[in-house]
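Written below as structure tokens is the structure these notes are about.
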Amino acid sequence: MPSFYALKYTDYEYMMLSLDAMDIIRKAPRDQGLEFDDIMSFSKRDTQFSSWWRAPETSFIPNSGARNPRVPDIVIWQAGAALILSPKARRLLGDLLQPHGEFLPVRIMNESDSYWIFNCLSRKDADPTLSAWDNVDGMSLNILSIGFQEEANDPPVFKTDFDNSTSLYCTERFKHALEDFDLKGLTLSPCGAIASLDEEIQNIGN
């Protein structure tokens with residue numbers, strides 16, 4: 001069976017970027033015709049920023065209770081289906097990811113080199129025979145399972161309409177790139193039945 005992985009943030013020793021969608025809204029130019037949800041729901045709407053983006057200045061912040069907070073090489077950006085990459089990760093993964101989204105520079109206080117937001121613009125349909133929601137009284141509450149069929153042109157990282165573009169998924173190729181380059185900060189969870197994911201989580205940060 002083809003292997004796909006959900007990209008997750010589970011190692012809270014890795015710090016998060018102190019930048020959210022509201023920060024971007026405050027800096028967005030008024031002449032672009034952008035609506036509030038174009039930024040708040042940028043993953044679902046496939047909003048592109050690069051034509052007007054001006055690198056914001058921000059910082060990494062530790063999670064409460066973290067004993068040994070670390071700056072990640074690559075981590076989920078909690079604002080949407082996007083990643084934060086260090087200069088090292090951008091250099092090593094740039095050619096692989098560039099055709100599938102846009103890189104947006106971010107200035108980090110006391111750092112000379114930019115970090116980067118990767119806004120993923122590639123999608124892949126979930127396989128309906130491998131994917132299901134937990135529906136209660138006609139409402140979809142939780143994903144019970146999610147899976148994909150392998151295709152020759154699969155993007156290394158992608159989002160899917162099945163979960164309203166809330167998460168990122170990846171192929172074996174991307175997983176191997178993280179391992180080969182020893183990039184820390186992401187957790188890869190094999191796609192399949194959600195009940196079994198916690199048992200099989202593979203933490204790239206360890």
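By order of appearance in the structure tokens: chains A, B, ..., then residues from 1 within every chain, and ligands from 1 in the order shown.
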
Which residues are close to range 55-58 of chain A, i.e. within 12 Å by only C-alpha atoms, leaving aside same-chain residues fewer than 3 positions away? Reply as a short mmCIF file (atom, residue, chain, number, x, y, z; two decimals) with all heavy atoms, in the first residue's frame.
data_model
loop_
_atom_site.label_atom_id
_atom_site.label_comp_id
_atom_site.auth_asym_id
_atom_site.auth_seq_id
_atom_site.Cartn_x
_atom_site.Cartn_y
_atom_site.Cartn_z
N MET A 16 7.50 27.66 18.62
CA MET A 16 6.60 28.05 17.55
C MET A 16 6.85 29.50 17.14
O MET A 16 7.37 30.30 17.93
CB MET A 16 5.14 27.91 18.01
CG MET A 16 4.74 26.48 18.35
SD MET A 16 4.88 25.39 16.92
CE MET A 16 3.65 26.08 15.82
N LEU A 17 6.47 29.83 15.92
CA LEU A 17 6.63 31.20 15.44
C LEU A 17 5.56 32.10 16.05
O LEU A 17 4.38 31.77 16.05
CB LEU A 17 6.53 31.22 13.92
CG LEU A 17 7.08 32.48 13.24
CD1 LEU A 17 8.61 32.53 13.38
CD2 LEU A 17 6.70 32.48 11.77
N SER A 18 5.99 33.23 16.56
CA SER A 18 5.05 34.19 17.16
C SER A 18 4.48 35.09 16.07
O SER A 18 4.70 36.29 16.02
CB SER A 18 5.76 35.05 18.22
OG SER A 18 4.87 35.99 18.76
N LEU A 19 3.74 34.47 15.18
CA LEU A 19 3.14 35.18 14.05
C LEU A 19 1.89 34.41 13.67
O LEU A 19 1.92 33.19 13.51
CB LEU A 19 4.10 35.22 12.86
CG LEU A 19 3.66 36.01 11.64
CD1 LEU A 19 3.81 37.51 11.89
CD2 LEU A 19 4.47 35.60 10.40
N ASP A 20 0.76 35.13 13.56
CA ASP A 20 -0.48 34.45 13.18
C ASP A 20 -1.16 35.20 12.04
O ASP A 20 -0.65 36.22 11.55
CB ASP A 20 -1.42 34.28 14.38
CG ASP A 20 -1.81 35.60 15.03
OD1 ASP A 20 -1.81 36.64 14.33
OD2 ASP A 20 -2.14 35.60 16.23
N ALA A 21 -2.29 34.69 11.61
CA ALA A 21 -2.97 35.27 10.46
C ALA A 21 -3.41 36.72 10.72
O ALA A 21 -3.41 37.55 9.80
CB ALA A 21 -4.17 34.41 10.08
N ASP A 23 -1.80 38.93 12.37
CA ASP A 23 -0.62 39.78 12.12
C ASP A 23 -0.48 40.09 10.63
O ASP A 23 -0.11 41.20 10.25
CB ASP A 23 0.64 39.08 12.62
CG ASP A 23 0.66 38.90 14.13
OD1 ASP A 23 0.21 39.81 14.84
OD2 ASP A 23 1.10 37.83 14.59
N ILE A 24 -0.79 39.10 9.80
CA ILE A 24 -0.70 39.31 8.35
C ILE A 24 -1.81 40.25 7.88
O ILE A 24 -1.58 41.12 7.03
CB ILE A 24 -0.80 37.97 7.60
CG1 ILE A 24 0.25 36.98 8.14
CG2 ILE A 24 -0.64 38.18 6.11
CD1 ILE A 24 1.67 37.49 8.10
N ILE A 25 -3.00 40.10 8.42
CA ILE A 25 -4.12 40.98 8.05
C ILE A 25 -3.78 42.43 8.35
O ILE A 25 -4.07 43.33 7.56
CB ILE A 25 -5.40 40.54 8.80
CG1 ILE A 25 -5.94 39.24 8.20
CG2 ILE A 25 -6.46 41.64 8.75
CD1 ILE A 25 -7.08 38.64 8.96
N ARG A 26 -3.15 42.68 9.48
CA ARG A 26 -2.81 44.06 9.86
C ARG A 26 -1.81 44.69 8.89
O ARG A 26 -1.80 45.91 8.71
CB ARG A 26 -2.23 44.08 11.28
CG ARG A 26 -3.23 43.67 12.35
CD ARG A 26 -2.64 43.83 13.73
NE ARG A 26 -3.49 43.25 14.74
CZ ARG A 26 -3.29 42.05 15.31
NH1 ARG A 26 -2.22 41.34 14.96
NH2 ARG A 26 -4.13 41.58 16.21
N LYS A 27 -0.99 43.86 8.25
CA LYS A 27 0.05 44.37 7.35
C LYS A 27 -0.36 44.30 5.88
O LYS A 27 0.35 44.82 5.01
CB LYS A 27 1.35 43.58 7.56
CG LYS A 27 1.97 43.79 8.93
CD LYS A 27 3.23 42.96 9.08
CE LYS A 27 3.90 43.20 10.42
NZ LYS A 27 4.38 44.59 10.57
N ALA A 28 -1.48 43.66 5.58
CA ALA A 28 -1.87 43.48 4.19
C ALA A 28 -2.24 44.81 3.54
O ALA A 28 -2.93 45.64 4.15
CB ALA A 28 -3.05 42.52 4.10
N PHE A 49 0.34 35.17 -1.54
CA PHE A 49 0.79 36.39 -0.87
C PHE A 49 2.00 37.05 -1.54
O PHE A 49 2.29 38.20 -1.28
CB PHE A 49 1.18 36.08 0.58
CG PHE A 49 0.08 35.49 1.42
CD1 PHE A 49 -0.02 34.12 1.61
CD2 PHE A 49 -0.85 36.31 2.04
CE1 PHE A 49 -1.01 33.58 2.40
CE2 PHE A 49 -1.85 35.78 2.84
CZ PHE A 49 -1.94 34.41 3.01
N SER A 50 2.73 36.29 -2.33
CA SER A 50 4.07 36.73 -2.72
C SER A 50 4.10 38.05 -3.48
O SER A 50 5.09 38.78 -3.42
CB SER A 50 4.76 35.64 -3.54
OG SER A 50 3.99 35.28 -4.66
N SER A 51 3.04 38.42 -4.18
CA SER A 51 3.06 39.64 -4.98
C SER A 51 3.08 40.91 -4.12
O SER A 51 3.52 41.96 -4.57
CB SER A 51 1.86 39.68 -5.93
OG SER A 51 0.64 39.75 -5.21
N TRP A 52 2.60 40.81 -2.88
CA TRP A 52 2.58 41.99 -2.02
C TRP A 52 3.24 41.78 -0.66
O TRP A 52 3.30 42.68 0.16
CB TRP A 52 1.13 42.45 -1.79
CG TRP A 52 0.19 41.39 -1.28
CD1 TRP A 52 -0.64 40.62 -2.05
CD2 TRP A 52 -0.03 40.98 0.07
NE1 TRP A 52 -1.37 39.76 -1.25
CE2 TRP A 52 -1.02 39.96 0.05
CE3 TRP A 52 0.49 41.37 1.30
CZ2 TRP A 52 -1.48 39.33 1.21
CZ3 TRP A 52 0.04 40.75 2.46
CH2 TRP A 52 -0.92 39.74 2.41
N ILE A 61 8.82 31.54 20.05
CA ILE A 61 8.46 31.55 21.47
C ILE A 61 8.35 30.11 21.97
O ILE A 61 7.86 29.23 21.27
CB ILE A 61 7.14 32.30 21.72
CG1 ILE A 61 6.01 31.73 20.84
CG2 ILE A 61 7.31 33.79 21.46
CD1 ILE A 61 4.64 32.32 21.16
N PHE A 103 7.28 30.58 -1.22
CA PHE A 103 8.10 30.85 -0.05
C PHE A 103 8.00 32.33 0.30
O PHE A 103 8.21 33.20 -0.56
CB PHE A 103 9.56 30.49 -0.31
CG PHE A 103 9.83 29.01 -0.24
CD1 PHE A 103 9.99 28.27 -1.41
CD2 PHE A 103 9.92 28.37 0.98
CE1 PHE A 103 10.24 26.91 -1.35
CE2 PHE A 103 10.18 27.01 1.05
CZ PHE A 103 10.35 26.27 -0.11
N LEU A 104 7.69 32.60 1.57
CA LEU A 104 7.49 33.97 2.04
C LEU A 104 8.50 34.25 3.15
O LEU A 104 8.50 33.56 4.18
CB LEU A 104 6.06 34.14 2.58
CG LEU A 104 4.95 33.69 1.62
CD1 LEU A 104 3.62 33.63 2.35
CD2 LEU A 104 4.87 34.61 0.41
N PRO A 105 9.37 35.24 2.98
CA PRO A 105 10.41 35.48 3.99
C PRO A 105 9.85 36.07 5.28
O PRO A 105 8.87 36.82 5.27
CB PRO A 105 11.34 36.48 3.29
CG PRO A 105 10.46 37.18 2.30
CD PRO A 105 9.46 36.17 1.84
N VAL A 106 10.48 35.71 6.38
CA VAL A 106 10.14 36.22 7.70
C VAL A 106 11.44 36.60 8.41
O VAL A 106 12.40 35.82 8.42
CB VAL A 106 9.40 35.15 8.54
CG1 VAL A 106 9.14 35.64 9.95
CG2 VAL A 106 8.08 34.76 7.88
N ARG A 107 11.49 37.81 8.96
CA ARG A 107 12.66 38.24 9.70
C ARG A 107 12.51 37.83 11.16
O ARG A 107 11.50 38.13 11.81
CB ARG A 107 12.85 39.75 9.61
CG ARG A 107 13.06 40.27 8.19
CD ARG A 107 13.57 41.71 8.19
NE ARG A 107 12.78 42.56 9.05
CZ ARG A 107 11.68 43.21 8.68
NH1 ARG A 107 11.21 43.07 7.45
NH2 ARG A 107 11.03 43.99 9.52
N ILE A 108 13.53 37.16 11.67
CA ILE A 108 13.55 36.73 13.07
C ILE A 108 14.51 37.64 13.84
O ILE A 108 15.64 37.87 13.42
CB ILE A 108 14.02 35.27 13.20
CG1 ILE A 108 13.12 34.35 12.37
CG2 ILE A 108 14.02 34.83 14.67
CD1 ILE A 108 11.68 34.29 12.80
N MET A 109 14.03 38.17 14.95
CA MET A 109 14.85 39.06 15.76
C MET A 109 16.18 38.40 16.12
O MET A 109 16.22 37.22 16.50
CB MET A 109 14.12 39.42 17.05
CG MET A 109 12.98 40.40 16.85
SD MET A 109 12.27 40.87 18.43
CE MET A 109 10.54 40.61 18.09
N ASN A 110 17.25 39.15 15.96
CA ASN A 110 18.61 38.72 16.29
C ASN A 110 19.15 37.63 15.36
O ASN A 110 20.16 37.00 15.66
CB ASN A 110 18.71 38.24 17.74
CG ASN A 110 18.29 39.29 18.73
OD1 ASN A 110 18.64 40.47 18.58
ND2 ASN A 110 17.54 38.90 19.75
N GLU A 111 18.47 37.40 14.23
CA GLU A 111 18.96 36.45 13.23
C GLU A 111 19.27 37.21 11.94
O GLU A 111 18.45 38.01 11.47
CB GLU A 111 17.91 35.37 12.95
CG GLU A 111 17.60 34.46 14.12
CD GLU A 111 18.67 33.40 14.33
OE1 GLU A 111 19.53 33.23 13.43
OE2 GLU A 111 18.66 32.75 15.38
N SER A 112 20.42 36.95 11.37
CA SER A 112 20.81 37.67 10.16
C SER A 112 20.12 37.13 8.91
O SER A 112 19.87 37.88 7.96
CB SER A 112 22.33 37.60 9.98
OG SER A 112 22.77 36.25 9.92
N ASP A 113 19.81 35.83 8.88
CA ASP A 113 19.20 35.22 7.71
C ASP A 113 17.70 35.04 7.91
O ASP A 113 17.24 34.76 9.03
CB ASP A 113 19.83 33.85 7.43
CG ASP A 113 21.30 33.97 7.05
OD1 ASP A 113 21.66 34.98 6.41
OD2 ASP A 113 22.07 33.06 7.39
N SER A 114 16.95 35.17 6.84
CA SER A 114 15.50 35.03 6.90
C SER A 114 15.09 33.58 7.14
O SER A 114 15.74 32.64 6.67
CB SER A 114 14.86 35.50 5.59
OG SER A 114 15.03 36.88 5.40
N TYR A 115 14.01 33.41 7.88
CA TYR A 115 13.26 32.17 7.90
C TYR A 115 12.17 32.29 6.83
O TYR A 115 11.97 33.36 6.26
CB TYR A 115 12.66 31.90 9.27
CG TYR A 115 13.66 31.27 10.23
CD1 TYR A 115 14.81 31.95 10.62
CD2 TYR A 115 13.47 29.99 10.71
CE1 TYR A 115 15.74 31.37 11.47
CE2 TYR A 115 14.39 29.40 11.57
CZ TYR A 115 15.52 30.09 11.95
OH TYR A 115 16.43 29.51 12.79
N TRP A 116 11.47 31.18 6.58
CA TRP A 116 10.54 31.17 5.46
C TRP A 116 9.25 30.46 5.81
O TRP A 116 9.26 29.39 6.43
CB TRP A 116 11.17 30.48 4.24
CG TRP A 116 12.42 31.16 3.77
CD1 TRP A 116 13.68 31.00 4.25
CD2 TRP A 116 12.52 32.15 2.74
NE1 TRP A 116 14.56 31.82 3.58
CE2 TRP A 116 13.86 32.53 2.65
CE3 TRP A 116 11.59 32.73 1.88
CZ2 TRP A 116 14.32 33.47 1.74
CZ3 TRP A 116 12.03 33.68 0.98
CH2 TRP A 116 13.39 34.04 0.91
N ILE A 117 8.13 31.07 5.41
CA ILE A 117 6.85 30.38 5.43
C ILE A 117 6.67 29.72 4.06
O ILE A 117 6.82 30.38 3.03
CB ILE A 117 5.69 31.35 5.69
CG1 ILE A 117 5.78 31.95 7.10
CG2 ILE A 117 4.34 30.67 5.49
CD1 ILE A 117 4.80 33.08 7.35
#

Show which residues sit within 10 Å of range 172-187 of chain A, as an mmCIF file with N, CA and C atoms, in the first residue's frame. Count only C-alpha atoms, and ignore same-chain residues fewer than 5 positions away.
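After the write, result-v3.cif holds the following:
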data_model
loop_
_atom_site.group_PDB
_atom_site.id
_atom_site.type_symbol
_atom_site.label_atom_id
_atom_site.label_comp_id
_atom_site.auth_asym_id
_atom_site.auth_seq_id
_atom_site.Cartn_x
_atom_site.Cartn_y
_atom_site.Cartn_z
ATOM 1 N N PRO A 2 0.574 2.241 -0.828
ATOM 2 C CA PRO A 2 1.378 3.474 -0.862
ATOM 3 C C PRO A 2 1.429 4.138 0.509
ATOM 4 N N SER A 3 2.578 4.736 0.815
ATOM 5 C CA SER A 3 2.766 5.373 2.125
ATOM 6 C C SER A 3 2.640 6.882 2.014
ATOM 7 N N PHE A 4 1.704 7.433 2.755
ATOM 8 C CA PHE A 4 1.556 8.877 2.891
ATOM 9 C C PHE A 4 1.520 9.194 4.386
ATOM 10 N N TYR A 5 1.877 10.424 4.718
ATOM 11 C CA TYR A 5 2.004 10.808 6.120
ATOM 12 C C TYR A 5 1.334 12.154 6.363
ATOM 13 N N ALA A 6 0.724 12.279 7.523
ATOM 14 C CA ALA A 6 0.227 13.573 7.988
ATOM 15 C C ALA A 6 1.356 14.282 8.719
ATOM 16 N N LEU A 7 1.547 15.555 8.423
ATOM 17 C CA LEU A 7 2.563 16.354 9.109
ATOM 18 C C LEU A 7 1.939 16.958 10.362
ATOM 19 N N LYS A 8 2.579 16.726 11.493
ATOM 20 C CA LYS A 8 2.010 17.155 12.773
ATOM 21 C C LYS A 8 3.060 17.853 13.624
ATOM 22 N N TYR A 9 2.557 18.513 14.655
ATOM 23 C CA TYR A 9 3.418 19.168 15.645
ATOM 24 C C TYR A 9 3.102 18.545 16.997
ATOM 25 N N THR A 10 3.999 17.670 17.466
ATOM 26 C CA THR A 10 3.748 16.985 18.744
ATOM 27 C C THR A 10 4.887 17.142 19.745
ATOM 28 N N ASP A 11 6.063 17.532 19.283
ATOM 29 C CA ASP A 11 7.187 17.712 20.199
ATOM 30 C C ASP A 11 7.236 19.173 20.626
ATOM 31 N N TYR A 12 6.672 19.444 21.801
ATOM 32 C CA TYR A 12 6.497 20.828 22.229
ATOM 33 C C TYR A 12 7.777 21.463 22.763
ATOM 34 N N GLU A 13 8.875 20.724 22.721
ATOM 35 C CA GLU A 13 10.168 21.333 23.016
ATOM 36 C C GLU A 13 10.614 22.245 21.869
ATOM 37 N N TYR A 14 10.051 22.027 20.688
ATOM 38 C CA TYR A 14 10.365 22.905 19.562
ATOM 39 C C TYR A 14 9.474 24.140 19.620
ATOM 40 N N MET A 15 10.096 25.291 19.515
ATOM 41 C CA MET A 15 9.366 26.549 19.646
ATOM 42 C C MET A 15 8.506 26.823 18.411
ATOM 43 N N MET A 16 7.504 27.663 18.616
ATOM 44 C CA MET A 16 6.595 28.054 17.548
ATOM 45 C C MET A 16 6.848 29.500 17.145
ATOM 46 N N ARG A 70 13.787 24.513 21.810
ATOM 47 C CA ARG A 70 14.713 24.546 20.677
ATOM 48 C C ARG A 70 14.043 25.190 19.475
ATOM 49 N N VAL A 71 14.822 25.879 18.675
ATOM 50 C CA VAL A 71 14.327 26.429 17.415
ATOM 51 C C VAL A 71 14.320 25.297 16.386
ATOM 52 N N PRO A 72 13.200 25.051 15.720
ATOM 53 C CA PRO A 72 13.123 23.936 14.768
ATOM 54 C C PRO A 72 13.791 24.266 13.441
ATOM 55 N N ASP A 73 14.176 23.214 12.726
ATOM 56 C CA ASP A 73 14.586 23.383 11.331
ATOM 57 C C ASP A 73 13.362 23.582 10.447
ATOM 58 N N ILE A 74 12.298 22.855 10.776
ATOM 59 C CA ILE A 74 11.058 22.907 10.002
ATOM 60 C C ILE A 74 9.917 22.524 10.923
ATOM 61 N N VAL A 75 8.822 23.292 10.852
ATOM 62 C CA VAL A 75 7.722 23.074 11.783
ATOM 63 C C VAL A 75 6.424 23.558 11.142
ATOM 64 N N ILE A 76 5.314 23.066 11.653
ATOM 65 C CA ILE A 76 4.007 23.521 11.200
ATOM 66 C C ILE A 76 3.800 24.988 11.565
ATOM 67 N N LEU A 83 4.184 25.637 6.345
ATOM 68 C CA LEU A 83 5.352 25.249 7.132
ATOM 69 C C LEU A 83 6.237 26.457 7.388
ATOM 70 N N ILE A 84 7.011 26.381 8.456
ATOM 71 C CA ILE A 84 8.074 27.345 8.724
ATOM 72 C C ILE A 84 9.398 26.632 8.504
ATOM 73 N N LEU A 85 10.261 27.225 7.682
ATOM 74 C CA LEU A 85 11.558 26.622 7.387
ATOM 75 C C LEU A 85 12.688 27.544 7.822
ATOM 76 N N SER A 86 13.713 26.956 8.414
ATOM 77 C CA SER A 86 14.937 27.677 8.728
ATOM 78 C C SER A 86 15.697 27.955 7.435
ATOM 79 N N LYS A 88 18.539 26.837 6.660
ATOM 80 C CA LYS A 88 19.076 25.536 6.256
ATOM 81 C C LYS A 88 18.019 24.701 5.539
ATOM 82 N N ALA A 89 16.811 24.617 6.118
ATOM 83 C CA ALA A 89 15.746 23.818 5.507
ATOM 84 C C ALA A 89 15.324 24.398 4.160
ATOM 85 N N LEU A 92 17.902 23.372 1.581
ATOM 86 C CA LEU A 92 17.926 21.950 1.263
ATOM 87 C C LEU A 92 16.637 21.455 0.605
ATOM 88 N N LEU A 93 15.513 22.069 0.958
ATOM 89 C CA LEU A 93 14.220 21.598 0.448
ATOM 90 C C LEU A 93 13.609 22.515 -0.609
ATOM 91 N N LEU A 96 12.731 21.097 -4.067
ATOM 92 C CA LEU A 96 11.687 20.092 -3.981
ATOM 93 C C LEU A 96 10.304 20.719 -3.801
ATOM 94 N N LEU A 97 10.233 21.770 -2.991
ATOM 95 C CA LEU A 97 8.944 22.357 -2.621
ATOM 96 C C LEU A 97 8.485 23.495 -3.531
ATOM 97 N N ASP A 154 2.536 12.932 -7.911
ATOM 98 C CA ASP A 154 2.195 13.373 -6.556
ATOM 99 C C ASP A 154 3.134 14.473 -6.075
ATOM 100 N N PRO A 155 2.592 15.583 -5.550
ATOM 101 C CA PRO A 155 3.452 16.594 -4.933
ATOM 102 C C PRO A 155 4.055 16.035 -3.656
ATOM 103 N N PRO A 156 5.252 16.447 -3.288
ATOM 104 C CA PRO A 156 5.873 15.918 -2.066
ATOM 105 C C PRO A 156 5.121 16.312 -0.801
ATOM 106 N N VAL A 157 4.514 17.493 -0.832
ATOM 107 C CA VAL A 157 3.685 17.987 0.279
ATOM 108 C C VAL A 157 2.398 18.521 -0.325
ATOM 109 N N ILE A 201 3.305 6.821 15.298
ATOM 110 C CA ILE A 201 3.921 8.122 15.034
ATOM 111 C C ILE A 201 5.434 7.996 14.936
ATOM 112 N N GLN A 202 5.975 8.620 13.904
ATOM 113 C CA GLN A 202 7.412 8.667 13.728
ATOM 114 C C GLN A 202 7.848 10.110 13.882
ATOM 115 N N ASN A 203 8.593 10.404 14.919
ATOM 116 C CA ASN A 203 8.965 11.774 15.227
ATOM 117 C C ASN A 203 10.306 12.100 14.622
ATOM 118 N N ILE A 204 10.290 12.993 13.642
ATOM 119 C CA ILE A 204 11.545 13.395 12.985
ATOM 120 C C ILE A 204 12.418 14.174 13.952
ATOM 121 N N GLY A 205 11.826 14.771 14.995
ATOM 122 C CA GLY A 205 12.606 15.577 15.929
ATOM 123 C C GLY A 205 13.463 14.794 16.870
ATOM 124 N N ASN A 206 13.281 13.481 16.999
ATOM 125 C CA ASN A 206 14.082 12.688 17.934
ATOM 126 C C ASN A 206 15.405 12.278 17.323
#

Contacts of Leu130 in chain A at 7 Å (only C-alpha atoms; same-chain gap of 2+ positions) as a VMD selection string:
chain A and resid 127 to 128 132 145 to 147

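Shortest atom-to-atom contact with Pro99 in chain A among A:Asn135, A:Asp38, A:Phe158, A:Cys191: A:Phe158, counting only C-alpha atoms.
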
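Comparing A:Pro190, A:Gly80, A:Gly101, A:Pro69 by their smallest distance to Ile39 in chain A, the closest is A:Gly80 (using only C-alpha atoms).
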
Could you give me, as number ranges by chain, each residue of range 29-196 of chain A that DSSP assigns to strand (DSSP E) when run on this structure's backbone?
A: 57-58, 60-61, 74-77, 82-85, 101-108, 115-120, 132-136, 139-145, 157-158, 168-171, 187-190

Write out, as a short mmCIF file (atom, residue, chain, number, x, y, z; two decimals), in the first residue's frame, the residues just selected, with N, CA and C atoms.
data_model
loop_
_atom_site.label_atom_id
_atom_site.label_comp_id
_atom_site.auth_asym_id
_atom_site.auth_seq_id
_atom_site.Cartn_x
_atom_site.Cartn_y
_atom_site.Cartn_z
N GLU A 57 8.64 41.14 10.91
CA GLU A 57 9.62 40.78 11.94
C GLU A 57 8.90 40.13 13.10
N THR A 58 9.42 38.99 13.53
CA THR A 58 8.78 38.23 14.60
C THR A 58 9.84 37.46 15.37
N PHE A 60 10.62 33.42 17.68
CA PHE A 60 10.15 32.12 18.13
C PHE A 60 9.87 32.21 19.63
N ILE A 61 8.82 31.54 20.05
CA ILE A 61 8.46 31.55 21.47
C ILE A 61 8.35 30.11 21.97
N ILE A 74 12.30 22.85 10.78
CA ILE A 74 11.06 22.91 10.00
C ILE A 74 9.92 22.52 10.92
N VAL A 75 8.82 23.29 10.85
CA VAL A 75 7.72 23.07 11.78
C VAL A 75 6.42 23.56 11.14
N ILE A 76 5.31 23.07 11.65
CA ILE A 76 4.01 23.52 11.20
C ILE A 76 3.80 24.99 11.56
N TRP A 77 3.24 25.77 10.64
CA TRP A 77 2.75 27.11 10.99
C TRP A 77 1.29 26.97 11.34
N ALA A 82 0.60 25.21 6.21
CA ALA A 82 1.85 25.86 5.83
C ALA A 82 2.96 25.42 6.77
N LEU A 83 4.18 25.64 6.35
CA LEU A 83 5.35 25.25 7.13
C LEU A 83 6.24 26.46 7.39
N ILE A 84 7.01 26.38 8.46
CA ILE A 84 8.07 27.35 8.72
C ILE A 84 9.40 26.63 8.50
N LEU A 85 10.26 27.22 7.68
CA LEU A 85 11.56 26.62 7.39
C LEU A 85 12.69 27.54 7.82
N GLY A 101 4.10 25.54 -4.15
CA GLY A 101 3.65 26.60 -3.25
C GLY A 101 4.51 27.83 -3.40
N GLU A 102 4.51 28.67 -2.39
CA GLU A 102 5.32 29.88 -2.43
C GLU A 102 6.07 30.04 -1.11
N PHE A 103 7.28 30.58 -1.22
CA PHE A 103 8.10 30.85 -0.05
C PHE A 103 8.00 32.33 0.30
N LEU A 104 7.69 32.60 1.57
CA LEU A 104 7.49 33.97 2.04
C LEU A 104 8.50 34.25 3.15
N PRO A 105 9.37 35.24 2.98
CA PRO A 105 10.41 35.48 3.99
C PRO A 105 9.85 36.07 5.28
N VAL A 106 10.48 35.71 6.38
CA VAL A 106 10.14 36.22 7.70
C VAL A 106 11.44 36.60 8.41
N ARG A 107 11.49 37.81 8.96
CA ARG A 107 12.66 38.24 9.70
C ARG A 107 12.51 37.83 11.16
N ILE A 108 13.53 37.16 11.67
CA ILE A 108 13.55 36.73 13.07
C ILE A 108 14.51 37.64 13.84
N TYR A 115 14.01 33.41 7.88
CA TYR A 115 13.26 32.17 7.90
C TYR A 115 12.17 32.29 6.83
N TRP A 116 11.47 31.18 6.58
CA TRP A 116 10.54 31.17 5.46
C TRP A 116 9.25 30.46 5.81
N ILE A 117 8.13 31.07 5.41
CA ILE A 117 6.85 30.38 5.43
C ILE A 117 6.67 29.72 4.06
N PHE A 118 6.36 28.42 4.06
CA PHE A 118 6.00 27.76 2.82
C PHE A 118 4.49 27.62 2.79
N ASN A 119 3.84 28.40 1.93
CA ASN A 119 2.39 28.37 1.75
C ASN A 119 2.08 27.32 0.68
N CYS A 120 1.59 26.16 1.11
CA CYS A 120 1.35 25.06 0.18
C CYS A 120 0.13 25.35 -0.69
N ALA A 132 -12.85 8.41 5.82
CA ALA A 132 -14.20 8.49 6.38
C ALA A 132 -14.23 9.50 7.52
N TRP A 133 -15.39 10.16 7.65
CA TRP A 133 -15.67 11.06 8.76
C TRP A 133 -16.59 10.36 9.76
N ASP A 134 -16.48 10.76 11.01
CA ASP A 134 -17.42 10.34 12.04
C ASP A 134 -18.59 11.32 12.01
N ASN A 135 -19.72 10.88 11.51
CA ASN A 135 -20.89 11.74 11.36
C ASN A 135 -21.89 11.47 12.49
N VAL A 136 -22.30 12.54 13.16
CA VAL A 136 -23.27 12.45 14.24
C VAL A 136 -24.39 13.44 13.94
N MET A 139 -23.78 15.76 11.13
CA MET A 139 -22.63 16.66 11.20
C MET A 139 -21.34 15.85 11.21
N SER A 140 -20.36 16.29 10.42
CA SER A 140 -19.05 15.64 10.39
C SER A 140 -18.21 16.18 11.53
N LEU A 141 -17.87 15.31 12.48
CA LEU A 141 -17.19 15.75 13.68
C LEU A 141 -15.70 15.45 13.67
N ASN A 142 -15.32 14.23 13.36
CA ASN A 142 -13.92 13.82 13.42
C ASN A 142 -13.59 12.93 12.23
N ILE A 143 -12.34 13.02 11.78
CA ILE A 143 -11.89 12.12 10.73
C ILE A 143 -11.57 10.76 11.34
N LEU A 144 -12.21 9.71 10.83
CA LEU A 144 -11.95 8.36 11.30
C LEU A 144 -10.74 7.76 10.58
N SER A 145 -10.59 8.09 9.31
CA SER A 145 -9.46 7.57 8.53
C SER A 145 -9.27 8.46 7.32
N VAL A 157 4.51 17.49 -0.83
CA VAL A 157 3.69 17.99 0.28
C VAL A 157 2.40 18.52 -0.33
N PHE A 158 1.27 18.26 0.32
CA PHE A 158 -0.01 18.68 -0.24
C PHE A 158 -1.07 18.81 0.85
N LEU A 168 -1.49 19.32 6.45
CA LEU A 168 -0.58 18.98 5.37
C LEU A 168 -0.24 17.49 5.42
N TYR A 169 -0.02 16.93 4.23
CA TYR A 169 0.35 15.53 4.10
C TYR A 169 1.57 15.45 3.19
N CYS A 170 2.27 14.33 3.24
CA CYS A 170 3.47 14.22 2.42
C CYS A 170 3.66 12.79 1.93
N THR A 171 4.57 12.65 0.99
CA THR A 171 4.93 11.37 0.40
C THR A 171 6.18 10.81 1.08
N THR A 187 6.60 15.96 13.09
CA THR A 187 6.21 14.59 13.36
C THR A 187 5.46 14.06 12.15
N LEU A 188 5.83 12.87 11.68
CA LEU A 188 5.15 12.25 10.55
C LEU A 188 4.32 11.08 11.06
N SER A 189 3.03 11.16 10.78
CA SER A 189 2.10 10.14 11.25
C SER A 189 1.51 9.41 10.04
N PRO A 190 1.74 8.11 9.90
CA PRO A 190 1.24 7.39 8.72
C PRO A 190 -0.26 7.53 8.55
#

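Distances here use only C-alpha atoms; by that measure, the residue among A:Leu121, A:Ala126, A:Ala81, A:Leu34 closest to Ser165 in chain A is A:Ala81.
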
So that I can check the secondary structure, give me every residue of range 31-179 of chain A assigned alpha helix (DSSP H) by backbone DSSP, as a PyMOL selection string.
chain A and resi 36-40+42-45+87-97+172-179

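Relative to CA of Arg90 in chain A, CA of Trp53 in chain A is found at 17.6 Å.
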
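The smallest atom-to-atom distance between Gln149 in chain A and any of A:Asp161, A:Thr129, A:Ser167, A:Arg67, using only C-alpha atoms, is found for A:Thr129.
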
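Here CA of Gly94 in chain A and CA of Glu150 in chain A stand 22.8 Å from one another.
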